[in-house]
Every structure is written in C-alpha cells, then in structure tokens.
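Below is the file run10.tsv, which contains TSV, C-alpha atoms.
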chain	number	residue	atom	x	y	z
J	860	MET	CA	4.70	-0.25	-27.47
J	861	MET	CA	3.68	1.73	-24.39
J	862	ASP	CA	7.34	2.47	-23.64
J	863	GLU	CA	7.85	3.74	-27.19
J	864	LEU	CA	4.77	5.94	-26.86
J	865	LYS	CA	6.01	7.41	-23.57
J	866	ARG	CA	9.45	8.13	-25.04
J	867	THR	CA	7.88	9.75	-28.11
J	868	LEU	CA	5.70	12.07	-26.05
J	869	ASN	CA	8.51	12.90	-23.62
J	870	HIS	CA	10.75	14.00	-26.51
J	871	ALA	CA	8.05	15.83	-28.44
J	872	ALA	CA	8.20	19.61	-28.62
J	873	GLU	CA	5.72	21.52	-26.47
J	874	GLU	CA	4.13	23.01	-29.60
J	875	GLU	CA	3.55	19.53	-31.04
J	876	VAL	CA	1.85	18.31	-27.87
J	877	ARG	CA	-0.31	21.44	-27.66
J	878	SER	CA	-1.33	21.00	-31.29
J	879	LEU	CA	-2.35	17.38	-30.64
J	880	LEU	CA	-4.33	18.40	-27.59
J	881	PHE	CA	-6.11	21.17	-29.48
J	882	GLN	CA	-7.03	18.86	-32.37
J	883	ASN	CA	-8.52	16.28	-30.02
J	884	PHE	CA	-10.40	18.87	-27.95
J	885	PHE	CA	-11.76	20.45	-31.10
J	886	ARG	CA	-13.04	17.08	-32.35
J	887	ILE	CA	-14.74	16.39	-29.01
J	888	HIS	CA	-16.37	19.80	-29.26
J	889	MET	CA	-17.58	19.01	-32.80
J	890	LEU	CA	-18.92	15.65	-31.66
J	891	GLU	CA	-20.97	17.24	-28.89
J	892	GLU	CA	-22.14	20.32	-30.80
J	893	SER	CA	-22.73	19.07	-34.36
J	894	ASP	CA	-25.10	16.42	-35.63
J	895	GLN	CA	-23.02	16.19	-38.82
J	896	TYR	CA	-19.93	14.87	-37.03
J	897	THR	CA	-20.48	11.27	-35.96
J	898	GLU	CA	-18.73	9.09	-33.39
J	899	GLU	CA	-17.52	6.92	-36.25
J	900	GLN	CA	-15.81	9.94	-37.86
J	901	PHE	CA	-14.41	10.98	-34.49
J	902	VAL	CA	-12.80	7.58	-33.92
J	903	ALA	CA	-11.45	7.47	-37.48
J	904	ASP	CA	-9.93	10.96	-37.14
J	905	LEU	CA	-8.45	10.10	-33.76
J	906	LYS	CA	-6.78	6.97	-35.15
J	907	LYS	CA	-5.43	8.90	-38.13
J	908	THR	CA	-3.95	11.60	-35.90
J	909	TYR	CA	-2.36	8.91	-33.70
J	910	HIS	CA	-0.71	7.08	-36.61
J	911	ASP	CA	0.34	10.28	-38.40
J	912	PHE	CA	2.02	11.61	-35.25
J	913	LEU	CA	3.92	8.38	-34.58
J	914	ASN	CA	5.04	8.14	-38.22
J	915	VAL	CA	6.36	11.70	-38.17
J	916	LYS	CA	8.28	11.12	-34.92
J	917	ARG	CA	9.74	7.87	-36.28
J	918	ASP	CA	10.92	9.74	-39.38
J	919	GLN	CA	12.61	12.28	-37.11
J	920	THR	CA	14.31	9.53	-35.12
J	921	ASN	CA	15.49	7.77	-38.27
J	922	ILE	CA	17.08	10.97	-39.56
J	923	LYS	CA	18.73	11.80	-36.23
J	924	ASN	CA	20.10	8.28	-35.92
J	925	SER	CA	21.44	8.21	-39.46
J	926	THR	CA	25.24	8.16	-39.61
J	927	ASN	CA	25.53	7.71	-43.38
J	928	ASP	CA	23.91	10.94	-44.59
J	929	LYS	CA	26.78	13.38	-45.10
J	930	VAL	CA	24.69	15.63	-47.32
J	931	VAL	CA	20.99	16.49	-47.19
J	932	HIS	CA	19.33	17.92	-50.31
J	933	ILE	CA	16.14	19.99	-50.07
J	934	LEU	CA	13.98	20.50	-53.17
J	935	PHE	CA	10.55	21.99	-53.75
J	936	ASP	CA	9.14	19.66	-56.38
J	937	ASP	CA	8.51	15.92	-56.24
J	938	SER	CA	9.60	15.48	-59.85
J	939	ALA	CA	12.88	17.30	-59.21
J	940	ALA	CA	13.43	15.23	-56.06
J	941	GLY	CA	12.89	12.04	-58.04
J	942	SER	CA	15.35	13.18	-60.71
J	943	LEU	CA	17.98	14.00	-58.10
J	944	LYS	CA	17.53	10.62	-56.40
J	945	TRP	CA	18.16	8.96	-59.78
J	946	ALA	CA	21.26	11.12	-60.27
J	947	LEU	CA	22.60	10.26	-56.81
J	948	LYS	CA	22.10	6.58	-57.56
J	949	GLU	CA	24.02	6.93	-60.83
J	950	MET	CA	26.82	8.61	-58.87
J	951	GLY	CA	26.80	5.90	-56.20
J	952	LEU	CA	25.81	8.39	-53.50
J	953	GLN	CA	22.32	7.12	-52.65
J	954	ASP	CA	23.49	5.70	-49.31
J	955	GLU	CA	25.39	8.84	-48.29
J	956	GLU	CA	23.10	11.65	-49.39
J	957	MET	CA	19.46	12.16	-48.46
J	958	VAL	CA	16.73	13.98	-50.43
J	959	ILE	CA	13.90	15.91	-48.76
J	960	SER	CA	11.06	17.17	-50.96
J	961	PHE	CA	8.57	19.92	-50.09
J	962	SER	CA	5.33	19.11	-51.94
J	963	ASP	CA	3.70	22.51	-52.14
J	964	ALA	CA	3.42	25.54	-54.43
J	965	PHE	CA	4.78	28.52	-52.53
J	966	SER	CA	3.91	31.05	-55.24
J	967	ILE	CA	0.18	30.56	-54.67
J	968	GLY	CA	-1.94	30.76	-51.54
J	969	PRO	CA	-1.23	32.84	-48.42
J	970	ILE	CA	2.10	32.42	-46.65
J	971	TRP	CA	1.25	34.74	-43.78
J	972	GLN	CA	3.12	33.52	-40.66
J	973	LEU	CA	3.62	30.11	-42.27
J	974	HIS	CA	6.38	29.33	-39.78
J	975	ASP	CA	3.75	29.26	-36.99
J	976	GLN	CA	0.74	27.02	-36.37
J	977	ALA	CA	-1.70	29.86	-37.08
J	978	GLY	CA	-0.13	30.43	-40.48
J	979	LEU	CA	-0.28	26.74	-41.37
J	980	ASP	CA	-3.96	26.62	-40.40
J	981	TYR	CA	-4.70	29.76	-42.43
J	982	ARG	CA	-2.97	28.44	-45.55
J	983	GLU	CA	-4.62	25.03	-45.36
J	984	GLU	CA	-8.05	26.62	-44.99
J	985	TRP	CA	-7.44	28.92	-47.97
J	986	LEU	CA	-6.38	26.02	-50.18
J	987	LYS	CA	-9.47	24.01	-49.23
J	988	ASN	CA	-11.81	26.93	-49.91
J	989	HIS	CA	-10.31	28.21	-53.16
J	990	LEU	CA	-8.62	25.46	-55.15
J	991	ILE	CA	-10.07	22.33	-56.71
J	992	LEU	CA	-7.80	19.64	-55.32
J	993	ASP	CA	-8.19	15.91	-55.00
J	994	ASP	CA	-9.82	14.94	-51.67
J	995	ASP	CA	-6.93	12.61	-50.84
J	996	CYS	CA	-4.48	15.43	-51.56
J	997	LEU	CA	-6.29	17.78	-49.19
J	998	ASP	CA	-6.58	15.13	-46.49
J	999	GLU	CA	-2.85	14.43	-46.65
J	1000	TYR	CA	-1.73	18.04	-47.10
J	1001	ARG	CA	-1.06	18.84	-43.45
J	1002	HIS	CA	0.47	15.41	-42.80
J	1003	HIS	CA	2.97	15.77	-45.64
J	1004	PHE	CA	3.75	19.37	-44.72
J	1005	ASN	CA	4.38	18.52	-41.06
J	1006	ARG	CA	6.40	15.46	-42.03
J	1007	THR	CA	8.69	17.60	-44.18
J	1008	LEU	CA	9.05	20.17	-41.41
J	1009	SER	CA	9.99	17.38	-39.00
J	1010	MET	CA	12.58	15.98	-41.41
J	1011	ILE	CA	14.17	19.42	-41.84
J	1012	SER	CA	14.19	19.97	-38.08
J	1013	ALA	CA	15.90	16.60	-37.57
J	1014	ILE	CA	18.78	17.12	-40.02
J	1015	PRO	CA	21.99	16.05	-38.22
J	1016	LYS	CA	24.27	18.93	-37.26
J	1017	THR	CA	27.17	17.19	-39.03
J	1018	ALA	CA	25.44	17.12	-42.44
J	1019	SER	CA	25.95	19.67	-45.19
J	1020	ILE	CA	22.69	21.01	-46.62
J	1021	ILE	CA	22.12	21.77	-50.29
J	1022	ILE	CA	18.96	23.66	-51.32
J	1023	TRP	CA	18.00	23.51	-55.01
J	1024	THR	CA	16.06	26.49	-56.39
J	1025	GLY	CA	15.25	28.01	-59.76
J	1026	GLU	CA	14.56	31.66	-60.49
J	1027	ASN	CA	10.83	31.71	-59.86
J	1028	ALA	CA	8.54	32.93	-57.09
J	1029	HIS	CA	7.71	29.41	-55.90
J	1030	GLU	CA	11.24	28.15	-55.25
J	1031	GLN	CA	12.65	31.51	-54.13
J	1032	THR	CA	9.85	31.94	-51.57
J	1033	ALA	CA	10.46	28.39	-50.39
J	1034	LEU	CA	14.21	29.06	-50.14
J	1035	SER	CA	13.67	32.01	-47.78
J	1036	TYR	CA	11.15	29.98	-45.79
J	1037	VAL	CA	13.47	27.00	-45.31
J	1038	LEU	CA	16.47	29.17	-44.46
J	1039	TYR	CA	14.32	30.81	-41.78
J	1040	LEU	CA	13.42	27.36	-40.43
J	1041	LEU	CA	17.14	26.50	-40.39
J	1042	ARG	CA	18.18	29.76	-38.73
J	1043	ASP	CA	19.39	28.08	-35.54
J	1044	LYS	CA	21.37	25.35	-37.31
J	1045	ARG	CA	25.08	25.89	-37.87
J	1046	ASN	CA	25.33	23.41	-40.76
J	1047	ASP	CA	27.04	24.49	-43.97
J	1048	ILE	CA	24.21	25.44	-46.36
J	1049	THR	CA	24.59	25.84	-50.11
J	1050	ALA	CA	21.89	27.16	-52.45
J	1051	ILE	CA	22.25	25.89	-56.01
J	1052	ASN	CA	20.58	28.23	-58.51
J	1053	THR	CA	19.43	25.70	-61.10
J	1054	THR	CA	18.31	28.36	-63.59
J	1055	LYS	CA	21.71	30.06	-63.59
J	1056	GLN	CA	23.66	26.79	-63.61
J	1057	TYR	CA	21.53	25.36	-66.43
J	1058	LYS	CA	22.05	28.39	-68.67
J	1059	LYS	CA	25.76	28.50	-67.87
J	1060	GLN	CA	26.51	24.83	-68.42
J	1061	PHE	CA	24.30	24.23	-71.44
J	1062	ASN	CA	24.86	27.55	-73.24
J	1063	ILE	CA	21.28	28.81	-73.00
J	1064	PRO	CA	20.90	32.53	-73.91
J	1065	GLU	CA	20.31	34.72	-70.87
J	1066	ARG	CA	17.10	36.10	-72.38
J	1067	ASP	CA	15.63	32.57	-72.56
J	1068	ASN	CA	13.52	31.81	-69.49
J	1069	TYR	CA	13.89	28.03	-69.75
J	1070	PRO	CA	13.79	26.21	-67.40
J	1071	LEU	CA	11.12	27.94	-65.34
J	1072	HIS	CA	11.67	25.63	-62.37
J	1073	THR	CA	13.93	22.80	-61.25
J	1074	GLY	CA	11.29	20.16	-61.98
J	1075	GLU	CA	11.70	20.83	-65.72
J	1076	ILE	CA	15.35	19.73	-65.71
J	1077	MET	CA	16.03	16.13	-66.77
J	1078	SER	CA	17.86	13.94	-64.28
J	1079	GLU	CA	20.93	13.59	-66.51
J	1080	LYS	CA	21.38	17.36	-66.62
J	1081	LEU	CA	20.61	17.70	-62.94
J	1082	GLN	CA	23.46	15.26	-62.33
J	1083	LEU	CA	25.83	17.37	-64.46
J	1084	ILE	CA	24.80	20.51	-62.58
J	1085	TYR	CA	25.57	18.80	-59.28
J	1086	GLU	CA	28.90	17.40	-60.46
J	1087	ASN	CA	30.08	20.72	-61.92
J	1088	SER	CA	28.59	23.17	-59.42
J	1089	ARG	CA	31.19	25.03	-57.36
J	1090	THR	CA	28.76	27.12	-55.35
J	1091	PRO	CA	30.21	28.11	-51.95
J	1092	ALA	CA	28.25	27.77	-48.72
J	1093	LEU	CA	26.12	30.74	-47.76
J	1094	SER	CA	27.78	33.20	-45.42
J	1095	LYS	CA	26.23	34.25	-42.13
J	1096	GLU	CA	25.31	37.60	-43.70
J	1097	GLN	CA	23.67	35.94	-46.71
J	1098	ARG	CA	21.63	33.64	-44.49
J	1099	GLU	CA	20.47	36.58	-42.40
J	1100	LYS	CA	19.30	38.40	-45.54
J	1101	PHE	CA	17.19	35.40	-46.54
J	1102	GLU	CA	15.78	35.15	-43.01
J	1103	GLN	CA	14.85	38.83	-43.10
J	1104	LYS	CA	13.33	38.34	-46.54
J	1105	TRP	CA	11.12	35.61	-45.15
J	1106	GLN	CA	10.00	37.73	-42.20
J	1107	ALA	CA	8.89	40.41	-44.66
J	1108	LEU	CA	7.06	37.86	-46.84
J	1109	ALA	CA	5.41	36.30	-43.78
J	1110	ASP	CA	3.77	39.66	-43.01
J	1111	THR	CA	2.04	39.82	-46.42
J	1112	GLN	CA	-1.61	38.90	-46.97
J	1113	GLU	CA	-1.58	38.36	-50.75
J	1114	ALA	CA	-2.35	34.93	-52.17
J	1115	LEU	CA	-0.11	35.21	-55.24
J	1116	ARG	CA	3.56	35.92	-55.85
J	1117	ILE	CA	5.45	36.47	-59.10
J	1118	TRP	CA	9.14	36.70	-60.02
J	1119	GLU	CA	10.01	40.18	-61.27
J	1120	ASN	CA	13.41	41.85	-61.63
J	1121	ARG	CA	15.02	38.88	-59.85
J	1122	ASP	CA	12.87	39.38	-56.79
J	1123	ILE	CA	9.64	38.05	-55.28
J	1124	LYS	CA	6.70	40.39	-55.72
J	1125	SER	CA	3.37	39.88	-53.93
J	1126	VAL	CA	0.42	40.74	-56.18
J	1127	ASP	CA	-3.37	40.62	-56.04
J	1128	GLU	CA	-4.85	37.21	-56.78
J	1129	SER	CA	-6.61	38.70	-59.84
J	1130	TYR	CA	-3.23	39.42	-61.46
J	1131	TYR	CA	-3.77	36.97	-64.34
J	1132	ASP	CA	-7.48	37.66	-64.93
J	1133	ASP	CA	-6.95	40.06	-67.86
J	1134	LEU	CA	-4.61	37.56	-69.50
J	1135	ILE	CA	-7.21	34.80	-69.15
J	1136	ILE	CA	-9.87	37.02	-70.73
J	1137	ASN	CA	-7.58	38.08	-73.59
J	1138	LYS	CA	-6.64	34.47	-74.31
J	1139	ALA	CA	-10.34	33.59	-74.45
J	1140	LYS	CA	-10.90	36.46	-76.93
J	1141	MET	CA	-8.04	35.19	-79.07
J	1142	LEU	CA	-9.48	31.66	-79.13
J	1143	HIS	CA	-12.92	33.04	-79.99
J	1144	GLN	CA	-11.42	34.99	-82.90
J	1145	LYS	CA	-10.12	31.74	-84.35
J	1146	GLN	CA	-13.65	30.32	-84.34
J	1147	GLU	CA	-16.16	30.98	-87.10
J	1148	ASN	CA	-18.76	31.52	-84.41
J	1149	THR	CA	-18.31	32.32	-80.74
J	1150	GLU	CA	-18.50	28.85	-79.30
J	1151	PHE	CA	-17.65	27.28	-75.96
J	1152	ILE	CA	-13.97	26.57	-75.32
J	1153	LEU	CA	-12.90	23.57	-73.28
J	1154	SER	CA	-11.54	25.05	-70.06
J	1155	ALA	CA	-8.49	22.78	-70.19
J	1156	ARG	CA	-7.56	24.33	-73.53
J	1157	LEU	CA	-7.97	27.90	-72.25
J	1158	ILE	CA	-5.93	27.15	-69.14
J	1159	GLY	CA	-3.22	25.49	-71.25
J	1160	GLU	CA	-3.03	28.56	-73.51
J	1161	VAL	CA	-2.59	30.84	-70.49
J	1162	ILE	CA	0.14	28.74	-68.90
J	1163	GLY	CA	1.90	28.28	-72.24
J	1164	CYS	CA	2.49	32.01	-72.69
J	1165	LEU	CA	3.68	32.74	-69.16
J	1166	ASP	CA	7.28	33.43	-68.23
J	1167	GLN	CA	6.31	32.51	-64.66
J	1168	TYR	CA	6.03	29.12	-63.00
J	1169	ILE	CA	2.42	28.70	-61.90
J	1170	ASN	CA	0.32	25.55	-61.86
J	1171	ASP	CA	-2.93	24.97	-63.71
J	1172	VAL	CA	-4.90	24.60	-60.46
J	1173	TYR	CA	-4.49	28.29	-59.72
J	1174	VAL	CA	-5.42	29.39	-63.25
J	1175	GLU	CA	-8.54	27.23	-63.05
J	1176	TYR	CA	-9.43	28.93	-59.76
J	1177	ARG	CA	-9.35	32.28	-61.54
J	1178	VAL	CA	-11.41	30.95	-64.48
J	1179	LYS	CA	-14.09	29.82	-62.02
J	1180	HIS	CA	-13.94	33.19	-60.28
J	1181	LEU	CA	-14.57	34.88	-63.64
J	1182	ILE	CA	-17.54	32.55	-64.18
J	1183	LEU	CA	-19.00	33.66	-60.85
J	1184	LYS	CA	-18.42	37.31	-61.80
J	1185	GLY	CA	-20.42	36.79	-64.99
J	1186	VAL	CA	-17.48	37.26	-67.38
J	1187	PHE	CA	-17.78	33.70	-68.69
J	1188	GLU	CA	-20.72	31.43	-69.43
J	1189	ILE	CA	-20.24	27.80	-68.52
J	1190	LYS	CA	-21.38	24.52	-70.05
J	1191	GLY	CA	-20.82	21.27	-68.23
J	1192	VAL	CA	-19.98	20.31	-64.65
J	1193	PRO	CA	-16.90	22.05	-63.19
J	1194	LYS	CA	-15.62	19.10	-61.18
J	1195	ALA	CA	-12.46	19.01	-63.30
J	1196	MET	CA	-11.24	21.22	-66.13
J	1197	ARG	CA	-11.84	18.59	-68.80
J	1198	PHE	CA	-15.54	18.34	-67.91
J	1199	TYR	CA	-16.67	21.88	-68.67
J	1200	SER	CA	-16.31	24.61	-71.26
J	1201	VAL	CA	-16.56	28.40	-71.12
J	1202	LYS	CA	-17.18	31.33	-73.41
J	1203	LEU	CA	-17.15	35.09	-72.93
J	1204	LYS	CA	-20.51	36.74	-72.53

Kindly transcribe the structure held in the file into structure tokens.
Amino acid sequence: MMDELKRTLNHAAEEEVRSLLFQNFFRIHMLEESDQYTEEQFVADLKKTYHDFLNVKRDQTNIKNSTNDKVVHILFDDSAAGSLKWALKEMGLQDEEMVISFSDAFSIGPIWQLHDQAGLDYREEWLKNHLILDDDCLDEYRHHFNRTLSMISAIPKTASIIIWTGENAHEQTALSYVLYLLRDKRNDITAINTTKQYKKQFNIPERDNYPLHTGEIMSEKLQLIYENSRTPALSKEQREKFEQKWQALADTQEALRIWENRDIKSVDESYYDDLIINKAKMLHQKQENTEFILSARLIGEVIGCLDQYINDVYVEYRVKHLILKGVFEIKGVPKAMRFYSVKLK
C-alpha cells in the first residue's frame, strides 16, 4: 500500500499536490482558530480527502490502462449518460466505448475561471450560498467534479472523443469548457448536436424547441441518432473557436446564461424574476380570492412556459429572493418547495 501511495503522489500533477496541501493546512488552521471545528471533524475530513484523492487517481489509471475503449463519449446530464449506456449495450459496444458524464448545470452559477482552482472554489461557494441543494449533493460536488476532470484528462490519445450537446446554454457552455480542457489533446473530436439531429431524423418542425436538452431524448432515439449521425470531426479552426469562446465566457461574472439567437448570452441573475411574478399574478387571477400558492406549483408553471433549459433549483432560488425583497408573502417552512406556499403582497 505504501508503494502504491508513493507512486500515486510521484505521478500526481503539481497543482493536485498543492491543492491537497492547501486543504490540509486550511483545516489545521480551522482546528486551531475555531471552536466550532473539532478534532473529530478534522480527522473525518482528512480521511475523506485521502480516500477521494486515491479513488480519483485510480480512475485515471484505469482509463489510461484501458485498451478496449476506442471511443469516449462525454455528456452533460446523468440521465442522458444512462440512456447512451443502454444504447451502447443494445449495439454491443459497451466494452469498446466509454461514457463520461458531467453532473452539473453550466447555465446557472458563475463560471468565472472555472478551468482554474480559484474558479472551482468560487463556483462551489456560490452554489452553497445561493441554492437549496441536498447536503450529500453539496458534500460530493467537488469530488464528482474533480473525478470527471480527471477522467477527461486521462482519455487515451488513441481514442476518438464524441461530445453530445443540445442547443441550450447549459450544454453549449459545457461544450466550450470541455473543448478548452482538451485543447492540448490531438484526438479526433466530434460534437453531435442532438437538437439538430433529433429534428432532422424525426421530422420535428424547426420552430419546435423540443427537445430542450439531450436528457429529454429517449434511449431508443439516442441510439438512432448515434447510428445515423455522420458528423465529421471538428477541424483545428473549429476547436480554436470553441476554446476562444470559453476564454470569453470564463471572464464573465454573471450567474445565469441563456440560449439566444443560437448563442450563449450571459444575463443578470434576476432575468426570470418578472416572469415569476407574472405567473403568480396569473395563478391568483384563477382563484376566487388571492390565496397562497404552493411554491412547487408556481415553479412548475414557470419552467413549463420556458423555451430554455433551466432546473427548478434555480427558479426556487429566485422565488426565495423575491420573498426576501418583500414581493411575496410566505407560509410554511422553506426547506423544500413542497413545504411552503407564497402569494403576492
């Protein structure tokens, strides 16, 4: 075990080692300076960091040592990744093609310098302070993010890479981000536009926005898209444009992005506030008296009318912001959207 540990540290990137050192120093500082941080917590955090680091490095080694994976797929939705894995199994390709899933929502939250440690720290802190997420989800956020980064970094140079993206701010932002991460790799990279392929293969009118993201496509149709797609690999010039696009996005400070005129647009985080208020007015008008509306219903109404892919967690964040601003009254405990109701003042 000690030999494995030595080899792991010797082959770790300098940035990884510095990050580990900083985390441990910071925890020692907290232990000495804060009465709220106990030795028991310190030991538990230290063990978790140790196991997380070793697991990530083992994943990297497994990918690098893999000789079967001729194709690596990258998706930005766990549901879509699961559907593609099913499709690959149906095609008998599960032992030859690997699926990597990025579990994040790149249309919401800051992406400033996300390719650096400072940007990762900034995003994680914003998510913790603004969104109501499950504690386990928050605790595992950085681990899963770093694990995915490690898997992408360890893709064999002989493998072809296929990135699946729909026409929405989330997947298009993620596409630019990943192509920036892959900028030094000479692998053939193909970007499958699932929105375009879906409409083309299944005769969906161009004006119809369905599907809003790859995760909405059933596995059977995802399989047909893969089998019938003839998308060529990205050229050097195309890759450079995506890399430049990411560098521009990484300089932005906004916490929300939308898809407009086939491009990513950074907007103020209050962008949907007027829509939320108008939907509440509409629901009040349907009532005989102005009564409280279950927040889950209001949030569902807002998401249902959008031509953008955005999750309910972000809309709930804005509802709670409007409560704090005094636009809404609240009844109940806002620990989850089904536990409280709101009405306009």

Residues within 12 Å of J:Asn988, all atoms listed in the file, excluding chain neighbours under 5 positions, as a ChimeraX atom specification: /J:968,981-983,997,1176

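Going from atom CA of J:Tyr1130 over to atom CA of J:Leu979, you cover 23.9 Å.
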
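Distance-wise, atom CA of J:Leu1041 and atom CA of J:Lys1058 end up 28.8 Å apart.
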
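For the choices J:Glu1160, J:Lys1124, J:Ile1063, J:Ser1154, the atom-to-atom distance to J:Lys1194 is smallest for J:Ser1154 when using all atoms listed in the file.
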
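With distances restricted to all atoms listed in the file, J:Ser1019 is the closest residue to J:Glu955 from J:Thr1054, J:Asn1027, J:Ser1019, J:Gln1144.
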
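The closest residue to J:Met957, picked from J:Ile1189, J:Leu1093, J:Ile1022, J:Leu973 and counting all atoms listed in the file, is J:Ile1022.
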
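Distances here use only C-alpha atoms; by that measure, the residue among J:Ser1129, J:Tyr1199, J:Glu1113, J:Asp1166 closest to J:Ile1152 is J:Tyr1199.
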
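Shortest separation to J:Ser942 among J:Asp1133, J:Glu1075, J:Glu1030, J:Glu1102 occurs at residue J:Glu1075, atoms counted being only C-alpha atoms.
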
Interatomic distance, atom CA of J:Tyr909 to atom CA of J:Ser1009 (Å, one decimal): 15.9 Å

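For the residues J:Asn1052, J:Asn1137, J:Gln1031, J:Gln1167, ranking by smallest atom-to-atom distance to J:Leu1071 using all atoms listed in the file places J:Gln1167 first.
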
Exercise: J:Lys1184 partners within 12 Å, only C-alpha atoms, chain neighbours under 5 positions left out, as a PyMOL selection string: chain J and resi 1132+1177-1179+1189+1203-1204

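Contact shell of J:Gln972 at 10 Å (all atoms listed in the file; same-chain neighbours under 2 positions omitted): Pro969, Ile970, His974, Asp975, Gln976, Ala977, Gly978, Leu979, Asp980, Tyr981, Arg982, Trp1105, Gln1106, Ala1107, Leu1108, Ala1109, Asp1110, Thr1111 and Gln1112 of chain J.
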
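When the distance limit is 9 Å and only C-alpha atoms are what count, the residues near J:Ser962, minus those fewer than 5 positions from it on the same chain, are Leu934, Phe935, Asp936, Asp937, Tyr1000, His1003, Phe1004 and Thr1007 of chain J.
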
Near J:Thr1090, within 8 Å and counting only C-alpha atoms, which residues show up once chain neighbours fewer than 5 positions away are dropped, as a compact mmCIF listing (two decimals) with C-alpha atoms, keeping the file's coordinate frame?
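Saved to out_16.txt:
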# COMPACT_ATOMS: atom_id res chain seq x y z
CA THR J 1049 24.59 25.84 -50.11
CA ALA J 1050 21.89 27.16 -52.45
CA ILE J 1051 22.25 25.89 -56.01

What box, with edges along x, y and z, holds each listed atom of stretch 1114-1127 of chain J when 6 Å is added on every side, and can you state its centre and edge lengths in Å to one decimal, as JSON?
{"center_x": 5.8, "center_y": 38.4, "center_z": -56.9, "size_x": 30.4, "size_y": 18.9, "size_z": 21.5}
